[in-house]
Amino acid sequence: MRELLLIALVFLIFYFIPFGSSMVDQSILNGFYLLQEYAREHVLLCLVPAFFIAGTITVMLKKEAVLKLLGPTAKKIVSYPVAAVSGGILAVCSCTILPIFGGIYKKGAGIGPATTFLFAGPAINVAAIFLTARVLGWELGLARLIATITAAIVVGVVMELLYGQRERSRDSLVAQTETKDGFKGAIFFAIQLLFLIVSGLRLAQPVKNLSLGVIGLSVAGMAVFGFSKDETKVWLMETWDFAKKILPYLFVGVFLAGVITKALPQNAVVALLGKNNLISTLIGSVFGSLMYFATLTEVPIVQALINLGMAKGPTLALLMAGNTLSLPSMIVITKLLGKKKAFTYFSLVVIFSTIFGMIYGAIA
């Protein structure tokens, strides 16, 4: 029955869409443009390293280390702050964070700390906060930092309360394959993490290329000579498993985000975001959650919307939800967590982005 409905839906879409109209053609073309931009700017230096890091977390790191910091029974006063701030050093978007989230979640991290990391990771990286402060004002930059960390922890706690009891029975699927040398695995993880950090820094291109080359060779050398063939093989298999589970859905989501971005009437959107009230702030959260913002690009986009009249409350709500979620990431998160947990998480992000936007709009 589901297959029949899907076929009927696809038929109706292709039957009724007015191909040939300028808006439809431009929207579809914009979807391909965004997909090309994503492939060029984010896949090789951000997403691919993130897949390898996810494989490393799953196979090379000791499970006990992950559970001690982020596990369901870890001390909450430790696990949630660690999860909230650990993404601050990564200049990654809402899509690049997904493989790393998948890695720590598969390794045994609790649903609460894992979703706190997922919320805060893309939204509070140091570069984004400083760029927000310099371009949009220190008041908004500081509000973004405090509100995101606080909301991420609250969302994680709520997810833990709702689903934590079931999570305690969940065990790592690959615990038996992890490396015997936890210290060596930690070094391997740190080198790959350094690659991801350097790839996000604004350095002179020759310096950046040289740095990435040296780090990349170090990773390759350690993978070949630092571990047994079986460990390296399992690491590559886990990396590929994350890639094949995430990439197809991610590409589809990026394309759809490009189509929606072009199809949305910009004047109407700005008109709806012009007040510091509940409706405008909620629209800012929902609008942000559906759009795809590459790392740091949210700042000039938000600046343009502010110049067109967007109010302060919707601005913060859009920054919080827009960096945390996107249509591509929502598709993948649903695949990783299942519909019930995923849509609970999406709702919480929108709700708390709206709440903090309302607070900021009232006091700013």
# chains A, B, ... in the order shown; residues from 1 in each chain; ligands from 1
call {"tool": "residues_around", "arguments": {"residues": "Phe101 of chain A", "least_positions_apart": "3", "cutoff": "9 Å", "atoms": "only C-alpha atoms", "output": "number ranges by chain"}}
result
A: 54, 97-98, 104-106, 114-115, 117-118
call {"tool": "write_last_selection", "arguments": {"atoms": "all heavy atoms", "output": "compact mmCIF listing (two decimals), in the first residue's frame"}}
result
# COMPACT_ATOMS: atom_id res chain seq x y z
N ALA A 54 34.07 9.48 12.22
CA ALA A 54 32.99 8.64 12.76
C ALA A 54 33.42 7.19 12.83
O ALA A 54 33.14 6.47 13.82
CB ALA A 54 31.75 8.78 11.88
N ILE A 97 28.31 17.66 10.81
CA ILE A 97 28.28 17.15 12.19
C ILE A 97 27.63 15.76 12.27
O ILE A 97 27.86 15.01 13.22
CB ILE A 97 27.51 18.14 13.10
CG1 ILE A 97 27.88 17.93 14.58
CG2 ILE A 97 26.01 18.02 12.93
CD1 ILE A 97 29.22 18.45 14.95
N LEU A 98 26.84 15.39 11.25
CA LEU A 98 26.04 14.17 11.33
C LEU A 98 26.86 12.89 11.46
O LEU A 98 26.53 12.03 12.30
CB LEU A 98 25.11 14.08 10.10
CG LEU A 98 24.05 15.18 10.01
CD1 LEU A 98 23.30 15.08 8.69
CD2 LEU A 98 23.09 15.11 11.18
N ILE A 104 29.50 8.83 17.75
CA ILE A 104 29.42 8.79 19.22
C ILE A 104 28.14 8.12 19.69
O ILE A 104 28.11 7.44 20.72
CB ILE A 104 29.57 10.20 19.84
CG1 ILE A 104 28.41 11.10 19.44
CG2 ILE A 104 30.89 10.82 19.47
CD1 ILE A 104 28.40 12.44 20.17
N TYR A 105 27.06 8.26 18.93
CA TYR A 105 25.80 7.63 19.32
C TYR A 105 25.89 6.12 19.17
O TYR A 105 25.45 5.37 20.03
CB TYR A 105 24.67 8.19 18.45
CG TYR A 105 23.29 7.70 18.85
CD1 TYR A 105 22.77 7.99 20.11
CD2 TYR A 105 22.51 6.96 17.97
CE1 TYR A 105 21.50 7.54 20.48
CE2 TYR A 105 21.25 6.51 18.33
CZ TYR A 105 20.75 6.81 19.59
OH TYR A 105 19.50 6.36 19.95
N LYS A 106 26.50 5.66 18.07
CA LYS A 106 26.67 4.23 17.86
C LYS A 106 27.63 3.63 18.87
O LYS A 106 27.51 2.47 19.26
CB LYS A 106 27.19 3.98 16.44
CG LYS A 106 27.18 2.52 16.01
CD LYS A 106 27.55 2.39 14.55
CE LYS A 106 27.44 0.94 14.08
NZ LYS A 106 27.78 0.80 12.63
N ALA A 114 24.19 13.14 23.31
CA ALA A 114 24.40 13.06 21.85
C ALA A 114 23.61 14.14 21.12
O ALA A 114 24.13 14.80 20.21
CB ALA A 114 24.00 11.68 21.34
N THR A 115 22.36 14.36 21.51
CA THR A 115 21.56 15.39 20.85
C THR A 115 21.98 16.80 21.29
O THR A 115 21.86 17.76 20.51
CB THR A 115 20.06 15.19 21.12
OG1 THR A 115 19.82 15.00 22.52
CG2 THR A 115 19.53 14.00 20.35
N PHE A 117 25.14 17.58 21.72
CA PHE A 117 26.26 17.76 20.80
C PHE A 117 25.77 18.09 19.40
O PHE A 117 26.29 18.97 18.73
CB PHE A 117 27.12 16.50 20.78
CG PHE A 117 28.20 16.50 19.73
CD1 PHE A 117 29.38 17.19 19.94
CD2 PHE A 117 28.04 15.81 18.54
CE1 PHE A 117 30.38 17.20 18.98
CE2 PHE A 117 29.03 15.81 17.58
CZ PHE A 117 30.20 16.50 17.79
N LEU A 118 24.73 17.39 18.96
CA LEU A 118 24.17 17.60 17.63
C LEU A 118 23.60 19.01 17.48
O LEU A 118 23.73 19.64 16.43
CB LEU A 118 23.07 16.56 17.38
CG LEU A 118 22.38 16.57 16.02
CD1 LEU A 118 23.37 16.30 14.89
CD2 LEU A 118 21.25 15.54 15.99
call {"tool": "closest_residue", "arguments": {"among": "A:Gly31, A:Gly55, A:Pro49, A:Pro72", "to": "Leu193 of chain A", "atoms": "only C-alpha atoms"}}
result
A:Pro49
call {"tool": "closest_atom_pairs", "arguments": {"of": "segment 195-272 of chain A", "to": "segment 24-30 of chain A", "cutoff": "7 Å", "atoms": "only C-alpha atoms", "output": "tab-separated table"}}
result
residue	atom	partner	partner_atom	distance
A:Gly258	CA	A:Asn30	CA	5.4
A:Val259	CA	A:Ser27	CA	4.5
A:Lys262	CA	A:Ser27	CA	5.0
A:Ala263	CA	A:Ser27	CA	5.7
call {"tool": "residues_around", "arguments": {"residues": "segment 197-210 of chain A", "least_positions_apart": "3", "cutoff": "12 Å", "atoms": "only C-alpha atoms", "output": "PyMOL selection string"}}
result
chain A and resi 41-50+87-93+96+125-128+190-194+213-217+294-296
call {"tool": "write_last_selection", "arguments": {"atoms": "C-alpha atoms", "output": "PDB file, in the first residue's frame"}}
result
ATOM      1  CA  GLU A  41      33.030  23.310  -0.881  1.00  0.00           C
ATOM      2  CA  HIS A  42      32.128  20.744   1.761  1.00  0.00           C
ATOM      3  CA  VAL A  43      32.420  17.127   0.677  1.00  0.00           C
ATOM      4  CA  LEU A  44      36.184  16.569   0.265  1.00  0.00           C
ATOM      5  CA  LEU A  45      37.562  18.702   3.114  1.00  0.00           C
ATOM      6  CA  CYS A  46      34.654  18.506   5.588  1.00  0.00           C
ATOM      7  CA  LEU A  47      32.270  15.620   5.039  1.00  0.00           C
ATOM      8  CA  VAL A  48      34.758  12.927   4.006  1.00  0.00           C
ATOM      9  CA  PRO A  49      37.043  13.602   7.024  1.00  0.00           C
ATOM     10  CA  ALA A  50      33.937  13.538   9.222  1.00  0.00           C
ATOM     11  CA  GLY A  87      31.642  21.229  18.897  1.00  0.00           C
ATOM     12  CA  GLY A  88      32.913  24.763  19.414  1.00  0.00           C
ATOM     13  CA  ILE A  89      36.311  23.986  17.904  1.00  0.00           C
ATOM     14  CA  LEU A  90      34.808  22.509  14.733  1.00  0.00           C
ATOM     15  CA  ALA A  91      33.893  24.861  11.880  1.00  0.00           C
ATOM     16  CA  VAL A  92      31.252  22.455  10.580  1.00  0.00           C
ATOM     17  CA  CYS A  93      27.711  22.839   9.276  1.00  0.00           C
ATOM     18  CA  THR A  96      29.069  17.678   8.492  1.00  0.00           C
ATOM     19  CA  ASN A 125      31.942  27.140  16.467  1.00  0.00           C
ATOM     20  CA  VAL A 126      34.364  29.904  17.367  1.00  0.00           C
ATOM     21  CA  ALA A 127      34.603  31.345  13.860  1.00  0.00           C
ATOM     22  CA  ALA A 128      30.809  31.656  13.514  1.00  0.00           C
ATOM     23  CA  ALA A 190      43.125  13.638  17.405  1.00  0.00           C
ATOM     24  CA  ILE A 191      45.108  13.783  14.131  1.00  0.00           C
ATOM     25  CA  GLN A 192      41.928  13.413  12.056  1.00  0.00           C
ATOM     26  CA  LEU A 193      40.172  16.001  14.193  1.00  0.00           C
ATOM     27  CA  LEU A 194      43.085  18.364  13.569  1.00  0.00           C
ATOM     28  CA  GLY A 213      48.919  17.448   3.192  1.00  0.00           C
ATOM     29  CA  VAL A 214      51.170  16.718   6.174  1.00  0.00           C
ATOM     30  CA  ILE A 215      48.210  15.839   8.408  1.00  0.00           C
ATOM     31  CA  GLY A 216      46.640  13.682   5.669  1.00  0.00           C
ATOM     32  CA  LEU A 217      49.890  11.745   5.184  1.00  0.00           C
ATOM     33  CA  ALA A 294      26.951  26.442   4.882  1.00  0.00           C
ATOM     34  CA  THR A 295      29.341  27.300   7.711  1.00  0.00           C
ATOM     35  CA  LEU A 296      29.623  31.098   8.197  1.00  0.00           C
TER      36      LEU A 296
END
